[in-house]
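*Asks:* Sharing a structure with you now.
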Amino acid sequence: MHILSKSTYIKGLQCEKALYMHKKHPYLRDKLSIEQRAKFQRGTDVGVLAHEYFPNGIDMSPNSPSQFPKRVQETMENLDNPAVNVMYEAVFQHNDTLIMLDMLVRDGDRWQAIEVKSSLRLSDTYYNDAALQYYVLKGCGVPLSDFKLMYLNADYVKDGPIDVKQLFKLESVLDYVIEREDFVSKNVERLKAVVGLPHSPVVNIGTQCHNPYPCDFQGHCWKHVPKNSYLFTTAMDDETLFQNYFNGVNSNAKMLQQLAPDSEAAHQIDALETNSYYVDYKTLYSLKPQPEPKSVAYLNLLLHRPAVPEIDGTKPYEEMILAFALHGEHEPDGVSVWDCFEDHNLWKESIDLLINKLSKHELIVCFTPQNLTTTLLRHEIIRNRVVGYKVFNLFDILQQAHFYHPAIKRGFTLQRLSGVLFPATKLFEHSRIILEATSQDLIGYQQAKEDLIIENEVVAKTYQHFFK
């Protein structure tokens, strides 16, 4: 059996303790969020589509871990079989490290290794990922002509059936992975030794808990940290927080001694101590709409950004309006809801509808981490930049006023804000799931539409809470 894999190697580079816990105590892992599961599924779907770039390959995917040894043997046999030109998920093992390569393509008497990514650009993690795979492939004696990363072409515009030759870009990383061979070799030995330890390695919590990915053992490793610790504040960056923490500033009282009494960080610690929120009301009220608008509309857009474009004329991850909810005095029964869940091709119908509806109101209130003004301009829903002042994004306004509550440490979402201001309101935010969805789920979409209305009611209540 293997000790390391591609994912565990990357995890170990981030934190040795996370690797050890994953291998020895996986039951202590934090629950995987729906958004994370959706991202994994998106990567799988893009990877399968990429097979069309090099069609007619043999799928070597094992049905279970018990099949790994058999698949390794079959993969090695296929390397010498002239009838096999392409393999998908080819399985290799070297020095107790197992990989499953997305595609292996015959190139004369050698092979091209290709790893597929569902992103528009390549990151350091992807390069480290490729370097490990090259190390294993070389160790198995696979004669390589090149190693390439395949990713989505941001300039591709769908026109008819998906053209995979245009949808994907290929970048050779052969020179990079060759240069990293010694680095990988040393880390493989180091991380194998970590897995073989009789107990978990001692690794203090730190910036590695969140970078480059949120660790899925934070619940376990942070259990000794009081829930009202200043480590959960946002006024200072993580590096500064941990530097103080490991220099003996191990309590809120000691941290307050380091801060100016009226500083944002001090106010946040006070909020932690009292389990309440802090907001700079002077700044908040300076941002209040002036004069008082006579007609206010509360808008909630559900945007969909499919990795692989679904509609002609769109690009990878280009947004489309999947649904919206609009509360306002000019709407029948006070609310309008529109969606194109069953046929995404109809999404542009929303544009003229929103232009007509929003023109009746003096102020458009929303809550979104995105720039709604930019979105409305992009779709020509606000035709004139002069009327961009209509959009009042509570997300931006509250951030400018330094709104803080312990619940928003790892993300300022409407769901968390609602839990702070209106704890009796149950908000699930299906929209965040839809943003990452890669396939149509009409049951989920119907629930999303219902939740869209509830979310918009929370937006209205939040605006009234602070400005009425």
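Chain labels run A, B, ... following the order of the structure tokens; each chain numbers its residues from 1, and ligands are numbered from 1 in the order shown.
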From a DSSP calculation on the backbone, collect every residue of stretch 185-307 of chain A in alpha helix (DSSP H) and output the set as a ChimeraX atom specification.

*Replies:* /A:185-195,218-221,238-245,252-257,264-274,281-286

*Asks:* Neighbours of stretch 367-370 of chain A within 12 Å (only C-alpha atoms; same-chain residues fewer than 2 positions away dropped), as number ranges by chain?

*Replies:* A: 298-303, 319, 364-365, 372-376, 391-399, 411-415, 417-418, 429, 431-432, 452, 455-463

*Asks:* Could you give me the residues within stretch 188-380 of chain A that DSSP places in strand (DSSP E or B), as a ChimeraX atom specification?

*Replies:* /A:278,296-304,320-327,335-339,363-366

*Asks:* Those selected residues, please, written with N, CA, C and O atoms and delivered as an mmCIF file, in the first residue's frame.

*Replies:*
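The result, stored in again-v6.cif:
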```
data_model
loop_
_atom_site.group_PDB
_atom_site.id
_atom_site.type_symbol
_atom_site.label_atom_id
_atom_site.label_comp_id
_atom_site.auth_asym_id
_atom_site.auth_seq_id
_atom_site.Cartn_x
_atom_site.Cartn_y
_atom_site.Cartn_z
ATOM 1 N N TYR A 278 -19.570 45.146 16.740
ATOM 2 C CA TYR A 278 -19.059 46.512 16.749
ATOM 3 C C TYR A 278 -19.267 47.113 15.371
ATOM 4 O O TYR A 278 -19.085 46.438 14.356
ATOM 5 N N VAL A 296 -37.670 52.629 -2.174
ATOM 6 C CA VAL A 296 -36.527 51.729 -2.004
ATOM 7 C C VAL A 296 -36.883 50.337 -2.522
ATOM 8 O O VAL A 296 -37.954 49.815 -2.221
ATOM 9 N N ALA A 297 -35.974 49.763 -3.310
ATOM 10 C CA ALA A 297 -36.138 48.385 -3.776
ATOM 11 C C ALA A 297 -35.020 47.534 -3.177
ATOM 12 O O ALA A 297 -33.868 47.981 -3.091
ATOM 13 N N TYR A 298 -35.365 46.335 -2.763
ATOM 14 C CA TYR A 298 -34.381 45.402 -2.212
ATOM 15 C C TYR A 298 -34.172 44.304 -3.247
ATOM 16 O O TYR A 298 -35.093 43.562 -3.583
ATOM 17 N N LEU A 299 -32.932 44.207 -3.735
ATOM 18 C CA LEU A 299 -32.637 43.313 -4.854
ATOM 19 C C LEU A 299 -31.679 42.213 -4.443
ATOM 20 O O LEU A 299 -30.668 42.466 -3.788
ATOM 21 N N ASN A 300 -31.984 41.003 -4.848
ATOM 22 C CA ASN A 300 -31.109 39.861 -4.611
ATOM 23 C C ASN A 300 -30.978 39.100 -5.923
ATOM 24 O O ASN A 300 -31.951 38.544 -6.428
ATOM 25 N N LEU A 301 -29.777 39.115 -6.495
ATOM 26 C CA LEU A 301 -29.516 38.392 -7.741
ATOM 27 C C LEU A 301 -28.874 37.048 -7.444
ATOM 28 O O LEU A 301 -27.985 36.952 -6.595
ATOM 29 N N LEU A 302 -29.306 36.033 -8.155
ATOM 30 C CA LEU A 302 -28.664 34.723 -8.076
ATOM 31 C C LEU A 302 -27.888 34.542 -9.375
ATOM 32 O O LEU A 302 -28.464 34.330 -10.435
ATOM 33 N N LEU A 303 -26.568 34.693 -9.280
ATOM 34 C CA LEU A 303 -25.714 34.623 -10.455
ATOM 35 C C LEU A 303 -25.100 33.231 -10.580
ATOM 36 O O LEU A 303 -24.704 32.621 -9.596
ATOM 37 N N HIS A 304 -25.015 32.759 -11.797
ATOM 38 C CA HIS A 304 -24.449 31.444 -12.079
ATOM 39 C C HIS A 304 -23.224 31.637 -12.960
ATOM 40 O O HIS A 304 -23.285 32.350 -13.967
ATOM 41 N N MET A 320 -24.231 34.636 -15.524
ATOM 42 C CA MET A 320 -25.568 34.823 -16.059
ATOM 43 C C MET A 320 -26.519 34.976 -14.880
ATOM 44 O O MET A 320 -26.248 34.474 -13.780
ATOM 45 N N ILE A 321 -27.581 35.696 -15.074
ATOM 46 C CA ILE A 321 -28.574 35.880 -14.014
ATOM 47 C C ILE A 321 -29.517 34.688 -14.045
ATOM 48 O O ILE A 321 -30.249 34.476 -15.007
ATOM 49 N N LEU A 322 -29.473 33.912 -12.991
ATOM 50 C CA LEU A 322 -30.282 32.700 -12.925
ATOM 51 C C LEU A 322 -31.636 32.983 -12.295
ATOM 52 O O LEU A 322 -32.630 32.341 -12.621
ATOM 53 N N ALA A 323 -31.662 33.949 -11.374
ATOM 54 C CA ALA A 323 -32.917 34.306 -10.703
ATOM 55 C C ALA A 323 -32.719 35.625 -9.981
ATOM 56 O O ALA A 323 -31.589 36.051 -9.739
ATOM 57 N N PHE A 324 -33.822 36.293 -9.667
ATOM 58 C CA PHE A 324 -33.744 37.468 -8.807
ATOM 59 C C PHE A 324 -35.022 37.601 -8.000
ATOM 60 O O PHE A 324 -36.093 37.106 -8.389
ATOM 61 N N ALA A 325 -34.877 38.232 -6.857
ATOM 62 C CA ALA A 325 -36.025 38.590 -6.022
ATOM 63 C C ALA A 325 -35.956 40.093 -5.807
ATOM 64 O O ALA A 325 -34.895 40.631 -5.519
ATOM 65 N N LEU A 326 -37.083 40.761 -5.964
ATOM 66 C CA LEU A 326 -37.136 42.207 -5.810
ATOM 67 C C LEU A 326 -38.310 42.573 -4.903
ATOM 68 O O LEU A 326 -39.460 42.280 -5.215
ATOM 69 N N HIS A 327 -37.987 43.162 -3.766
ATOM 70 C CA HIS A 327 -39.009 43.660 -2.851
ATOM 71 C C HIS A 327 -39.126 45.171 -3.041
ATOM 72 O O HIS A 327 -38.122 45.879 -3.062
ATOM 73 N N VAL A 335 -43.465 41.876 -3.766
ATOM 74 C CA VAL A 335 -42.273 41.132 -4.170
ATOM 75 C C VAL A 335 -42.457 40.534 -5.560
ATOM 76 O O VAL A 335 -43.543 40.075 -5.919
ATOM 77 N N SER A 336 -41.390 40.565 -6.347
ATOM 78 C CA SER A 336 -41.355 39.891 -7.647
ATOM 79 C C SER A 336 -40.215 38.885 -7.640
ATOM 80 O O SER A 336 -39.132 39.174 -7.134
ATOM 81 N N VAL A 337 -40.463 37.717 -8.195
ATOM 82 C CA VAL A 337 -39.437 36.685 -8.299
ATOM 83 C C VAL A 337 -39.416 36.176 -9.736
ATOM 84 O O VAL A 337 -40.458 35.898 -10.318
ATOM 85 N N TRP A 338 -38.222 36.108 -10.290
ATOM 86 C CA TRP A 338 -38.060 35.606 -11.664
ATOM 87 C C TRP A 338 -36.934 34.581 -11.672
ATOM 88 O O TRP A 338 -35.968 34.695 -10.917
ATOM 89 N N ASP A 339 -37.064 33.561 -12.523
ATOM 90 C CA ASP A 339 -35.969 32.600 -12.654
ATOM 91 C C ASP A 339 -36.004 31.952 -14.034
ATOM 92 O O ASP A 339 -37.030 31.974 -14.731
ATOM 93 N N LEU A 363 -33.672 54.068 -4.862
ATOM 94 C CA LEU A 363 -32.552 53.396 -4.210
ATOM 95 C C LEU A 363 -32.702 51.888 -4.378
ATOM 96 O O LEU A 363 -33.797 51.340 -4.238
ATOM 97 N N ILE A 364 -31.578 51.215 -4.691
ATOM 98 C CA ILE A 364 -31.553 49.767 -4.841
ATOM 99 C C ILE A 364 -30.626 49.213 -3.763
ATOM 100 O O ILE A 364 -29.413 49.448 -3.798
ATOM 101 N N VAL A 365 -31.177 48.504 -2.797
ATOM 102 C CA VAL A 365 -30.400 47.976 -1.669
ATOM 103 C C VAL A 365 -30.126 46.493 -1.891
ATOM 104 O O VAL A 365 -31.028 45.730 -2.273
ATOM 105 N N CYS A 366 -28.897 46.074 -1.643
ATOM 106 C CA CYS A 366 -28.514 44.678 -1.802
ATOM 107 C C CYS A 366 -27.477 44.315 -0.740
ATOM 108 O O CYS A 366 -27.034 45.168 0.028
#
```

*Asks:* For A:Leu137, find every residue with an atom within 12 Å (counting only C-alpha atoms), except residues of its own chain fewer than 3 positions away, and show them as a ChimeraX atom specification.

*Replies:* /A:72,75-76,79,90-95,97-101,104,111-114,130-134,140-147,177-178,181

*Asks:* Would you output that residue set with N, CA and C atoms, as an mmCIF file, in the first residue's frame?

*Replies:*
```cif
data_model
loop_
_atom_site.group_PDB
_atom_site.id
_atom_site.type_symbol
_atom_site.label_atom_id
_atom_site.label_comp_id
_atom_site.auth_asym_id
_atom_site.auth_seq_id
_atom_site.Cartn_x
_atom_site.Cartn_y
_atom_site.Cartn_z
ATOM 1 N N VAL A 72 -2.026 -0.271 -11.112
ATOM 2 C CA VAL A 72 -0.624 0.080 -11.321
ATOM 3 C C VAL A 72 0.013 -0.895 -12.300
ATOM 4 N N THR A 75 -1.430 -0.375 -15.812
ATOM 5 C CA THR A 75 -0.912 0.853 -16.414
ATOM 6 C C THR A 75 0.481 0.624 -16.973
ATOM 7 N N MET A 76 1.333 -0.025 -16.217
ATOM 8 C CA MET A 76 2.707 -0.288 -16.675
ATOM 9 C C MET A 76 2.699 -1.205 -17.907
ATOM 10 N N LEU A 79 1.872 0.731 -21.111
ATOM 11 C CA LEU A 79 2.947 1.559 -21.654
ATOM 12 C C LEU A 79 3.662 0.857 -22.812
ATOM 13 N N ALA A 90 -4.332 7.261 -15.321
ATOM 14 C CA ALA A 90 -3.298 6.222 -15.245
ATOM 15 C C ALA A 90 -2.694 6.207 -13.839
ATOM 16 N N VAL A 91 -2.536 5.011 -13.279
ATOM 17 C CA VAL A 91 -2.119 4.866 -11.881
ATOM 18 C C VAL A 91 -0.661 4.421 -11.812
ATOM 19 N N PHE A 92 0.139 5.190 -11.084
ATOM 20 C CA PHE A 92 1.555 4.878 -10.919
ATOM 21 C C PHE A 92 1.922 4.941 -9.437
ATOM 22 N N GLN A 93 2.893 4.143 -9.052
ATOM 23 C CA GLN A 93 3.376 4.184 -7.677
ATOM 24 C C GLN A 93 4.886 4.056 -7.658
ATOM 25 N N HIS A 94 5.509 4.958 -6.909
ATOM 26 C CA HIS A 94 6.962 4.935 -6.740
ATOM 27 C C HIS A 94 7.299 5.462 -5.354
ATOM 28 N N ASN A 95 8.195 4.769 -4.679
ATOM 29 C CA ASN A 95 8.660 5.176 -3.345
ATOM 30 C C ASN A 95 7.474 5.451 -2.411
ATOM 31 N N THR A 97 4.570 6.322 -3.015
ATOM 32 C CA THR A 97 3.759 7.482 -3.399
ATOM 33 C C THR A 97 2.958 7.134 -4.640
ATOM 34 N N LEU A 98 1.652 7.285 -4.553
ATOM 35 C CA LEU A 98 0.750 6.907 -5.636
ATOM 36 C C LEU A 98 0.125 8.136 -6.278
ATOM 37 N N ILE A 99 0.051 8.125 -7.604
ATOM 38 C CA ILE A 99 -0.623 9.208 -8.323
ATOM 39 C C ILE A 99 -1.600 8.613 -9.326
ATOM 40 N N MET A 100 -2.595 9.412 -9.687
ATOM 41 C CA MET A 100 -3.505 9.087 -10.779
ATOM 42 C C MET A 100 -3.449 10.267 -11.736
ATOM 43 N N LEU A 101 -2.799 10.074 -12.859
ATOM 44 C CA LEU A 101 -2.570 11.140 -13.831
ATOM 45 C C LEU A 101 -3.808 11.310 -14.712
ATOM 46 N N LEU A 104 -2.455 10.498 -20.072
ATOM 47 C CA LEU A 104 -1.132 10.125 -20.558
ATOM 48 C C LEU A 104 -1.290 9.817 -22.041
ATOM 49 N N TRP A 111 5.922 9.610 -24.012
ATOM 50 C CA TRP A 111 4.557 9.952 -23.584
ATOM 51 C C TRP A 111 4.501 11.408 -23.105
ATOM 52 N N GLN A 112 3.339 12.022 -23.328
ATOM 53 C CA GLN A 112 3.050 13.335 -22.746
ATOM 54 C C GLN A 112 2.173 13.126 -21.520
ATOM 55 N N ALA A 113 2.581 13.701 -20.392
ATOM 56 C CA ALA A 113 1.756 13.679 -19.177
ATOM 57 C C ALA A 113 0.949 14.973 -19.123
ATOM 58 N N ILE A 114 -0.338 14.847 -18.849
ATOM 59 C CA ILE A 114 -1.213 16.023 -18.844
ATOM 60 C C ILE A 114 -2.100 15.990 -17.603
ATOM 61 N N ALA A 130 2.172 19.082 -10.067
ATOM 62 C CA ALA A 130 2.807 18.514 -11.263
ATOM 63 C C ALA A 130 4.194 17.978 -10.943
ATOM 64 N N ALA A 131 4.934 18.684 -10.093
ATOM 65 C CA ALA A 131 6.288 18.252 -9.751
ATOM 66 C C ALA A 131 6.278 16.891 -9.065
ATOM 67 N N LEU A 132 5.309 16.669 -8.191
ATOM 68 C CA LEU A 132 5.214 15.359 -7.541
ATOM 69 C C LEU A 132 4.911 14.272 -8.567
ATOM 70 N N GLN A 133 3.995 14.560 -9.469
ATOM 71 C CA GLN A 133 3.626 13.540 -10.454
ATOM 72 C C GLN A 133 4.803 13.202 -11.371
ATOM 73 N N TYR A 134 5.568 14.234 -11.726
ATOM 74 C CA TYR A 134 6.758 13.970 -12.546
ATOM 75 C C TYR A 134 7.737 13.078 -11.778
ATOM 76 N N CYS A 140 9.066 5.590 -12.026
ATOM 77 C CA CYS A 140 8.496 4.379 -12.639
ATOM 78 C C CYS A 140 9.104 4.102 -14.011
ATOM 79 N N GLY A 141 10.022 4.972 -14.445
ATOM 80 C CA GLY A 141 10.686 4.744 -15.718
ATOM 81 C C GLY A 141 9.863 5.109 -16.934
ATOM 82 N N VAL A 142 8.859 5.978 -16.771
ATOM 83 C CA VAL A 142 8.025 6.379 -17.905
ATOM 84 C C VAL A 142 8.801 7.379 -18.762
ATOM 85 N N PRO A 143 9.044 7.062 -20.033
ATOM 86 C CA PRO A 143 9.782 7.993 -20.905
ATOM 87 C C PRO A 143 8.871 9.162 -21.315
ATOM 88 N N LEU A 144 9.157 10.339 -20.802
ATOM 89 C CA LEU A 144 8.299 11.500 -21.044
ATOM 90 C C LEU A 144 8.912 12.439 -22.070
ATOM 91 N N SER A 145 8.072 12.899 -22.997
ATOM 92 C CA SER A 145 8.487 13.951 -23.930
ATOM 93 C C SER A 145 8.109 15.322 -23.393
ATOM 94 N N ASP A 146 7.084 15.347 -22.527
ATOM 95 C CA ASP A 146 6.650 16.626 -21.960
ATOM 96 C C ASP A 146 5.703 16.375 -20.795
ATOM 97 N N PHE A 147 5.562 17.411 -19.961
ATOM 98 C CA PHE A 147 4.549 17.412 -18.896
ATOM 99 C C PHE A 147 3.814 18.738 -19.026
ATOM 100 N N VAL A 177 9.253 21.172 -13.447
ATOM 101 C CA VAL A 177 9.193 19.945 -12.635
ATOM 102 C C VAL A 177 10.551 19.257 -12.562
ATOM 103 N N ILE A 178 11.356 19.397 -13.603
ATOM 104 C CA ILE A 178 12.705 18.827 -13.554
ATOM 105 C C ILE A 178 13.540 19.554 -12.503
ATOM 106 N N GLU A 181 12.810 18.443 -8.855
ATOM 107 C CA GLU A 181 12.915 17.020 -8.534
ATOM 108 C C GLU A 181 13.565 16.774 -7.178
#
```

*Asks:* A:Gln218: which residues within 10 Å, counting only C-alpha atoms, same-chain residues fewer than 6 positions away excluded, as a compact mmCIF listing (two decimals) with N, CA and C atoms, in the first residue's frame?

*Replies:*
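So out-v4.txt came out as:
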```
# COMPACT_ATOMS: atom_id res chain seq x y z
N ALA A 18 -1.57 18.26 9.71
CA ALA A 18 -2.78 17.98 8.92
C ALA A 18 -2.62 16.67 8.17
N LEU A 28 -11.58 13.00 12.73
CA LEU A 28 -11.55 14.30 13.39
C LEU A 28 -11.62 15.46 12.39
N ARG A 29 -11.76 15.12 11.12
CA ARG A 29 -11.82 16.15 10.08
C ARG A 29 -13.11 16.95 10.20
N ASP A 30 -13.02 18.25 9.89
CA ASP A 30 -14.20 19.10 9.87
C ASP A 30 -15.14 18.63 8.76
N ILE A 205 -0.72 26.18 15.85
CA ILE A 205 -1.62 26.83 14.91
C ILE A 205 -0.92 28.06 14.33
N CYS A 209 -2.91 27.43 8.78
CA CYS A 209 -4.28 26.93 9.00
C CYS A 209 -5.24 27.43 7.93
N HIS A 210 -4.85 28.51 7.26
CA HIS A 210 -5.77 29.12 6.29
C HIS A 210 -5.14 29.30 4.92
```

*Asks:* Would you compute the distance between atom CA of A:Asn356 and atom CA of A:Lys294? Give it in Å to one decimal.

*Replies:*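 These atoms are spaced 17.7 Å apart.
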
*Asks:* Compare A:Asp124, A:Asp107, A:Asp163, A:Asp129 by their minimum atom-to-atom distance to A:Ala50, counting only C-alpha atoms, and give me the closest one.

*Replies:*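 When distances to A:Ala50 are compared using only C-alpha atoms, the smallest one comes from A:Asp163.
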
*Asks:* Given the choices A:Pro406, A:Gly196, A:Gly206, A:Pro214, which gets closest to A:Thr234 if the distance is worked out from only C-alpha atoms?

*Replies:*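 Closest residue, counting only C-alpha atoms: A:Pro406.
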
*Asks:* Using only C-alpha atoms, which residues sit within 9 Å of A:Leu32 once same-chain residues fewer than 4 positions away are excluded, as a ChimeraX atom specification?

*Replies:* /A:36-37,216

*Asks:* Could you pull the residues within 7 Å of stretch 51-68 of chain A, counting only C-alpha atoms, minus those fewer than 6 positions along the same chain, as an MDAnalysis selection string?

*Replies:* chainID A and resid 85:91 164:165

*Asks:* Go ahead and write the selection's residues with N, CA, C and O atoms as a compact mmCIF listing (two decimals), in the first residue's frame.

*Replies:*
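Generated file (out27.txt):
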```
# COMPACT_ATOMS: atom_id res chain seq x y z
N ASN A 85 -2.86 4.24 -26.91
CA ASN A 85 -2.27 5.55 -27.21
C ASN A 85 -2.62 6.63 -26.18
O ASN A 85 -1.92 7.64 -26.08
N VAL A 86 -3.71 6.42 -25.46
CA VAL A 86 -4.14 7.39 -24.46
C VAL A 86 -4.67 6.64 -23.24
O VAL A 86 -5.44 5.68 -23.39
N MET A 87 -4.26 7.06 -22.07
CA MET A 87 -4.81 6.52 -20.83
C MET A 87 -5.34 7.66 -19.97
O MET A 87 -4.69 8.71 -19.85
N TYR A 88 -6.53 7.46 -19.39
CA TYR A 88 -7.10 8.42 -18.44
C TYR A 88 -6.94 7.86 -17.03
O TYR A 88 -7.16 6.67 -16.79
N GLU A 89 -6.57 8.73 -16.10
CA GLU A 89 -6.39 8.33 -14.69
C GLU A 89 -5.41 7.17 -14.56
O GLU A 89 -5.64 6.22 -13.80
N ALA A 90 -4.33 7.26 -15.32
CA ALA A 90 -3.30 6.22 -15.24
C ALA A 90 -2.69 6.21 -13.84
O ALA A 90 -2.38 7.25 -13.26
N VAL A 91 -2.54 5.01 -13.28
CA VAL A 91 -2.12 4.87 -11.88
C VAL A 91 -0.66 4.42 -11.81
O VAL A 91 -0.28 3.41 -12.41
N VAL A 164 -13.46 21.62 -27.55
CA VAL A 164 -12.49 21.41 -26.47
C VAL A 164 -11.09 21.89 -26.86
O VAL A 164 -10.29 22.25 -25.99
N LYS A 165 -10.80 21.91 -28.15
CA LYS A 165 -9.48 22.38 -28.59
C LYS A 165 -9.31 23.87 -28.33
O LYS A 165 -8.19 24.36 -28.19
```

*Asks:* Using only C-alpha atoms, determine which residues lie at most 9 Å from A:Val203, disregarding the query and same-chain residues fewer than 2 positions distant; provide the list as number ranges by chain.

*Replies:* A: 15-17, 200-201, 205-206

*Asks:* Could you turn the residues from that selection into a file that holds all heavy atoms, as a PDB file, in the first residue's frame?

*Replies:*
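Result went into result.pdb, see below:
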```
ATOM      1  N   CYS A  15       0.940  21.601   5.987  1.00  0.00           N
ATOM      2  CA  CYS A  15       1.046  21.357   7.433  1.00  0.00           C
ATOM      3  C   CYS A  15       1.266  19.877   7.692  1.00  0.00           C
ATOM      4  O   CYS A  15       0.449  19.041   7.292  1.00  0.00           O
ATOM      5  CB  CYS A  15      -0.220  21.838   8.141  1.00  0.00           C
ATOM      6  SG  CYS A  15      -0.236  21.490   9.910  1.00  0.00           S
ATOM      7  N   GLU A  16       2.365  19.553   8.377  1.00  0.00           N
ATOM      8  CA  GLU A  16       2.670  18.155   8.696  1.00  0.00           C
ATOM      9  C   GLU A  16       1.596  17.534   9.584  1.00  0.00           C
ATOM     10  O   GLU A  16       1.239  16.365   9.427  1.00  0.00           O
ATOM     11  CB  GLU A  16       4.033  18.061   9.384  1.00  0.00           C
ATOM     12  CG  GLU A  16       5.208  18.373   8.485  1.00  0.00           C
ATOM     13  CD  GLU A  16       6.525  18.153   9.205  1.00  0.00           C
ATOM     14  OE1 GLU A  16       6.506  17.844  10.419  1.00  0.00           O
ATOM     15  OE2 GLU A  16       7.590  18.289   8.551  1.00  0.00           O
ATOM     16  N   LYS A  17       1.087  18.312  10.511  1.00  0.00           N
ATOM     17  CA  LYS A  17       0.083  17.774  11.427  1.00  0.00           C
ATOM     18  C   LYS A  17      -1.203  17.425  10.673  1.00  0.00           C
ATOM     19  O   LYS A  17      -1.843  16.406  10.959  1.00  0.00           O
ATOM     20  CB  LYS A  17      -0.216  18.780  12.541  1.00  0.00           C
ATOM     21  CG  LYS A  17      -1.160  18.239  13.611  1.00  0.00           C
ATOM     22  CD  LYS A  17      -1.334  19.239  14.739  1.00  0.00           C
ATOM     23  CE  LYS A  17      -2.267  18.686  15.826  1.00  0.00           C
ATOM     24  NZ  LYS A  17      -2.438  19.652  16.934  1.00  0.00           N
ATOM     25  N   SER A 200       1.097  12.362  16.835  1.00  0.00           N
ATOM     26  CA  SER A 200       0.978  13.549  15.997  1.00  0.00           C
ATOM     27  C   SER A 200       2.155  14.496  16.192  1.00  0.00           C
ATOM     28  O   SER A 200       2.576  14.727  17.333  1.00  0.00           O
ATOM     29  CB  SER A 200      -0.331  14.281  16.328  1.00  0.00           C
ATOM     30  OG  SER A 200      -0.406  15.523  15.662  1.00  0.00           O
ATOM     31  N   PRO A 201       2.713  15.044  15.132  1.00  0.00           N
ATOM     32  CA  PRO A 201       3.801  16.010  15.290  1.00  0.00           C
ATOM     33  C   PRO A 201       3.290  17.276  15.968  1.00  0.00           C
ATOM     34  O   PRO A 201       2.118  17.646  15.837  1.00  0.00           O
ATOM     35  CB  PRO A 201       4.237  16.304  13.847  1.00  0.00           C
ATOM     36  CG  PRO A 201       3.036  15.990  13.018  1.00  0.00           C
ATOM     37  CD  PRO A 201       2.357  14.847  13.710  1.00  0.00           C
ATOM     38  N   ILE A 205      -0.718  26.183  15.847  1.00  0.00           N
ATOM     39  CA  ILE A 205      -1.623  26.826  14.907  1.00  0.00           C
ATOM     40  C   ILE A 205      -0.920  28.061  14.334  1.00  0.00           C
ATOM     41  O   ILE A 205      -0.044  28.636  14.967  1.00  0.00           O
ATOM     42  CB  ILE A 205      -2.951  27.229  15.573  1.00  0.00           C
ATOM     43  CG1 ILE A 205      -2.699  28.181  16.752  1.00  0.00           C
ATOM     44  CG2 ILE A 205      -3.710  25.997  16.044  1.00  0.00           C
ATOM     45  CD1 ILE A 205      -3.967  28.723  17.389  1.00  0.00           C
ATOM     46  N   GLY A 206      -1.280  28.442  13.142  1.00  0.00           N
ATOM     47  CA  GLY A 206      -0.617  29.574  12.512  1.00  0.00           C
ATOM     48  C   GLY A 206      -1.234  29.898  11.169  1.00  0.00           C
ATOM     49  O   GLY A 206      -2.333  29.431  10.842  1.00  0.00           O
TER      50      GLY A 206
END
```

*Asks:* Find, counting only C-alpha atoms, the residue in A:Glu362, A:His344, A:Glu329, A:Gly160 that gets nearest to A:Pro291.

*Replies:*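 With only C-alpha atoms as the atom set, the closest residue is A:Glu362.
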
*Asks:* When you count only C-alpha atoms, which of these residues is closest to A:Ile381: A:His402, A:Thr233, A:Lys348, A:Ile355?

*Replies:*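 Using only C-alpha atoms, the shortest distance to A:Ile381 belongs to A:Ile355.
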